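Comments concern the structure below.
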Amino acid sequence: FRGGEQFLHMMRAKSLAQWKDAMRMRSRFNSNFTYADRAGNILYVWNASIPSLPHPSGGDTAAIPAHSTSDVWTRYVDFDSLPQLLNPKGGYVQNSNDPPYHTTLRQILDRSKYPANFPEPRVGLRTQMALTLIDPPKKLSLEDVIALKHSYRMLLADRVKDDLLAAVRASSPTPEVASAADMLAKWENAAGPTSRGAVLFENWWRLYTQGANPDSVYAE
């Protein structure tokens, strides 16, 4: 019930200080939170339930002897010690469920400042797409942001479709496969409701990457 209580306090907060007090209840131990208020503040918080270790992390390969309570973790990392960005350079915060370091390209968080059991930097396609949309060299209006929010663009297709088509056409494809390639060639690299190419491309990608290390499936 305290999770609901914290959400209620967050919604009723009338200032950044009150909102952070609600977050310090630590009844919601998950998710990435973004905050904005009429005073012009924006904030990002990586709200992890991550242990505050009394010793260096052993990772997944080393056992750490525990002789007393002081040798085991008994609490989470405090809210105020979690990765956060308040009013960063560039005027925006975003997160697409990747680690917190690339919340904005204008003020990247330094991984070395956080404990060893924090995640390593990773920038997945969703985050890359968000940063591509929201970090242009011009100031965005509210209407611009709304339009970008509803973008159907598939960044993955921009990256690999040309190579896919070249490989298919060099393989003496059957008429059926050649027809599919022609459809992908005409496809606008977007996942709109009527984009048949998006369905075909997505199915191909799932088959292509099945059981593979994600970093091994790209030419570069």
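Residue numbers start at 1 in each chain; chains themselves are named A, B, ... in the order of the structure tokens; ligands are numbered from 1 in the order shown.
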
Name all residues at most 12 Å from stretch 175-191 of chain A (count only C-alpha atoms; drop same-chain ones fewer than 4 positions away) and give them as a count of residues only.
-> 31

How would you write, as an MDAnalysis selection string, the set of residues in stretch 9-212 of chain A that DSSP gives as strand (DSSP E or B)?
-> chainID A and resid 32:36 42:46 51 76 84:86 153 190

Leaving out A:Gln6 and any residue of its chain fewer than 3 positions from it, which residues lie within 6 Å of it when counting only C-alpha atoms, given as a list in words?
-> Gly3, His9 and Ala22 of chain A

Can you pull out every residue within 10 Å of A:Ala48, counting only C-alpha atoms, but drop anything in the same chain fewer than 6 positions away, and send it as a ChimeraX atom specification?
-> /A:26,28-32,76-79,82-83,118

Those same residues - N, CA and C atoms - I'd like them written as a PDB file, in the first residue's frame.
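out.pdb, written as the output of this step:
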ATOM      1  N   ARG A  26      10.833   5.866  -0.753  1.00  0.00           N
ATOM      2  CA  ARG A  26      11.433   4.644  -1.295  1.00  0.00           C
ATOM      3  C   ARG A  26      10.465   3.464  -1.267  1.00  0.00           C
ATOM      4  N   ARG A  28       8.645   3.010  -4.049  1.00  0.00           N
ATOM      5  CA  ARG A  28       8.687   2.628  -5.459  1.00  0.00           C
ATOM      6  C   ARG A  28      10.147   2.398  -5.816  1.00  0.00           C
ATOM      7  N   PHE A  29      10.554   1.133  -5.855  1.00  0.00           N
ATOM      8  CA  PHE A  29      11.958   0.803  -6.092  1.00  0.00           C
ATOM      9  C   PHE A  29      12.186   0.379  -7.533  1.00  0.00           C
ATOM     10  N   ASN A  30      11.684   1.127  -8.472  1.00  0.00           N
ATOM     11  CA  ASN A  30      11.895   0.746  -9.869  1.00  0.00           C
ATOM     12  C   ASN A  30      11.655   1.954 -10.767  1.00  0.00           C
ATOM     13  N   SER A  31      11.942   1.775 -12.025  1.00  0.00           N
ATOM     14  CA  SER A  31      11.591   2.708 -13.083  1.00  0.00           C
ATOM     15  C   SER A  31      12.534   3.908 -13.147  1.00  0.00           C
ATOM     16  N   ASN A  32      12.494   4.558 -14.300  1.00  0.00           N
ATOM     17  CA  ASN A  32      13.163   5.839 -14.498  1.00  0.00           C
ATOM     18  C   ASN A  32      12.112   6.933 -14.358  1.00  0.00           C
ATOM     19  N   TYR A  76      19.332  -0.299   0.724  1.00  0.00           N
ATOM     20  CA  TYR A  76      19.542   0.136  -0.647  1.00  0.00           C
ATOM     21  C   TYR A  76      20.359   1.431  -0.679  1.00  0.00           C
ATOM     22  N   VAL A  77      20.949   1.724  -1.836  1.00  0.00           N
ATOM     23  CA  VAL A  77      21.612   3.006  -2.031  1.00  0.00           C
ATOM     24  C   VAL A  77      20.589   4.123  -1.803  1.00  0.00           C
ATOM     25  N   ASP A  78      20.976   5.134  -1.043  1.00  0.00           N
ATOM     26  CA  ASP A  78      20.059   6.220  -0.715  1.00  0.00           C
ATOM     27  C   ASP A  78      19.584   6.947  -1.975  1.00  0.00           C
ATOM     28  N   PHE A  79      18.375   7.484  -1.915  1.00  0.00           N
ATOM     29  CA  PHE A  79      17.803   8.198  -3.052  1.00  0.00           C
ATOM     30  C   PHE A  79      18.716   9.301  -3.550  1.00  0.00           C
ATOM     31  N   LEU A  82      21.583   8.259  -5.903  1.00  0.00           N
ATOM     32  CA  LEU A  82      21.283   7.647  -7.198  1.00  0.00           C
ATOM     33  C   LEU A  82      21.615   8.629  -8.324  1.00  0.00           C
ATOM     34  N   PRO A  83      21.919   8.126  -9.517  1.00  0.00           N
ATOM     35  CA  PRO A  83      22.169   9.029 -10.648  1.00  0.00           C
ATOM     36  C   PRO A  83      20.969   9.935 -10.918  1.00  0.00           C
ATOM     37  N   PHE A 118      26.743  -0.880 -10.105  1.00  0.00           N
ATOM     38  CA  PHE A 118      25.855  -0.144 -11.000  1.00  0.00           C
ATOM     39  C   PHE A 118      26.084  -0.650 -12.428  1.00  0.00           C
TER      40      PHE A 118
END

Would you return as a PyMOL selection string the members of stretch 64-190 of chain A that DSSP assigns to alpha helix (DSSP H) on this structure's backbone?
-> chain A and resi 125-134+142-149+155-169+175-186

Find the residues near A:Val145: any atom within 12 Å, counting only C-alpha atoms, skip ones fewer than 4 places away on the same chain, and give them as a CSV table (one decimal) with all heavy atoms, in the first residue's frame.
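Now in out.csv:
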chain,number,residue,atom,x,y,z
A,92,TYR,N,16.8,19.2,-21.7
A,92,TYR,CA,15.9,18.1,-21.8
A,92,TYR,C,16.4,16.9,-21.0
A,92,TYR,O,17.6,16.8,-20.8
A,92,TYR,CB,15.7,17.6,-23.3
A,92,TYR,CG,16.9,17.0,-23.9
A,92,TYR,CD1,17.1,15.6,-23.8
A,92,TYR,CD2,17.8,17.7,-24.6
A,92,TYR,CE1,18.2,15.0,-24.3
A,92,TYR,CE2,18.9,17.1,-25.2
A,92,TYR,CZ,19.1,15.7,-25.0
A,92,TYR,OH,20.2,15.1,-25.6
A,130,ALA,N,15.5,8.2,-29.5
A,130,ALA,CA,15.0,9.3,-28.7
A,130,ALA,C,16.0,10.5,-28.8
A,130,ALA,O,15.6,11.6,-29.0
A,130,ALA,CB,14.8,8.9,-27.3
A,133,LEU,N,15.9,12.2,-32.1
A,133,LEU,CA,14.7,13.1,-32.3
A,133,LEU,C,14.8,14.4,-31.5
A,133,LEU,O,14.4,15.4,-31.9
A,133,LEU,CB,13.5,12.3,-32.0
A,133,LEU,CG,13.1,11.2,-32.9
A,133,LEU,CD1,11.9,10.4,-32.3
A,133,LEU,CD2,12.7,11.7,-34.3
A,134,ILE,N,15.3,14.2,-30.2
A,134,ILE,CA,15.1,15.3,-29.3
A,134,ILE,C,16.3,16.2,-29.1
A,134,ILE,O,16.3,17.2,-28.5
A,134,ILE,CB,14.7,14.7,-27.9
A,134,ILE,CG1,13.9,15.8,-27.0
A,134,ILE,CG2,15.9,14.2,-27.1
A,134,ILE,CD1,13.4,15.2,-25.8
A,135,ASP,N,17.4,15.8,-29.8
A,135,ASP,CA,18.7,16.6,-29.6
A,135,ASP,C,19.1,17.2,-31.0
A,135,ASP,O,20.2,17.1,-31.4
A,135,ASP,CB,19.8,15.7,-29.1
A,135,ASP,CG,21.0,16.6,-28.6
A,135,ASP,OD1,20.9,17.1,-27.5
A,135,ASP,OD2,22.0,16.6,-29.3
A,136,PRO,N,18.1,17.9,-31.7
A,136,PRO,CA,18.5,18.6,-32.9
A,136,PRO,C,19.2,19.9,-32.6
A,136,PRO,O,19.2,20.4,-31.4
A,136,PRO,CB,17.2,18.8,-33.6
A,136,PRO,CG,16.2,19.0,-32.4
A,136,PRO,CD,16.7,18.1,-31.3
A,138,LYS,N,18.3,22.8,-33.2
A,138,LYS,CA,17.4,24.0,-33.1
A,138,LYS,C,16.5,23.8,-31.9
A,138,LYS,O,16.3,22.8,-31.3
A,138,LYS,CB,16.5,24.0,-34.3
A,138,LYS,CG,15.6,22.9,-34.5
A,138,LYS,CD,14.6,23.0,-35.7
A,138,LYS,CE,13.6,21.9,-35.7
A,138,LYS,NZ,12.7,22.1,-36.8
A,139,LYS,N,15.9,24.9,-31.4
A,139,LYS,CA,15.0,24.9,-30.3
A,139,LYS,C,13.7,24.4,-30.8
A,139,LYS,O,13.2,24.7,-31.8
A,139,LYS,CB,14.8,26.4,-29.8
A,139,LYS,CG,14.0,26.4,-28.5
A,139,LYS,CD,13.9,27.8,-28.0
A,139,LYS,CE,13.1,27.9,-26.7
A,139,LYS,NZ,13.1,29.3,-26.1
A,140,LEU,N,13.1,23.5,-29.9
A,140,LEU,CA,11.9,22.8,-30.3
A,140,LEU,C,10.7,23.5,-29.6
A,140,LEU,O,10.7,23.9,-28.5
A,140,LEU,CB,11.9,21.4,-29.8
A,140,LEU,CG,13.0,20.5,-30.4
A,140,LEU,CD1,13.0,19.1,-29.8
A,140,LEU,CD2,12.8,20.3,-31.9
A,141,SER,N,9.6,23.7,-30.4
A,141,SER,CA,8.3,24.2,-29.8
A,141,SER,C,7.6,23.0,-29.2
A,141,SER,O,7.9,21.8,-29.4
A,141,SER,CB,7.5,24.8,-30.9
A,141,SER,OG,7.1,23.8,-31.9
A,149,LYS,N,7.1,13.0,-30.8
A,149,LYS,CA,6.7,11.9,-29.9
A,149,LYS,C,5.9,10.8,-30.7
A,149,LYS,O,6.0,9.6,-30.4
A,149,LYS,CB,5.7,12.5,-28.8
A,149,LYS,CG,5.0,11.5,-28.0
A,149,LYS,CD,4.0,12.2,-27.0
A,149,LYS,CE,3.0,11.2,-26.4
A,149,LYS,NZ,3.6,10.2,-25.6
A,150,HIS,N,5.3,11.2,-31.8
A,150,HIS,CA,4.5,10.3,-32.5
A,150,HIS,C,5.2,9.8,-33.8
A,150,HIS,O,4.5,9.3,-34.7
A,150,HIS,CB,3.1,10.9,-32.9
A,150,HIS,CG,2.2,11.2,-31.7
A,150,HIS,ND1,1.6,10.2,-31.0
A,150,HIS,CD2,2.0,12.3,-31.0
A,150,HIS,CE1,0.9,10.6,-30.0
A,150,HIS,NE2,1.1,12.0,-30.0
A,151,SER,N,6.5,9.9,-33.8
A,151,SER,CA,7.3,9.5,-35.0
A,151,SER,C,7.2,8.0,-35.1
A,151,SER,O,7.3,7.2,-34.1
A,151,SER,CB,8.7,9.9,-34.8
A,151,SER,OG,9.5,9.3,-35.8

Hey, can you check how far atom CA of A:Arg126 sits from atom CA of A:Gly91?
->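 Those two atoms sit 19.8 Å apart.
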
Counting only C-alpha atoms, figure out which residue out of A:Gln210, A:Gln94, A:Ser216, A:Asn87 gets nearest to A:Ala39.
->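 For A:Ala39, the nearest of the given residues is A:Asn87.
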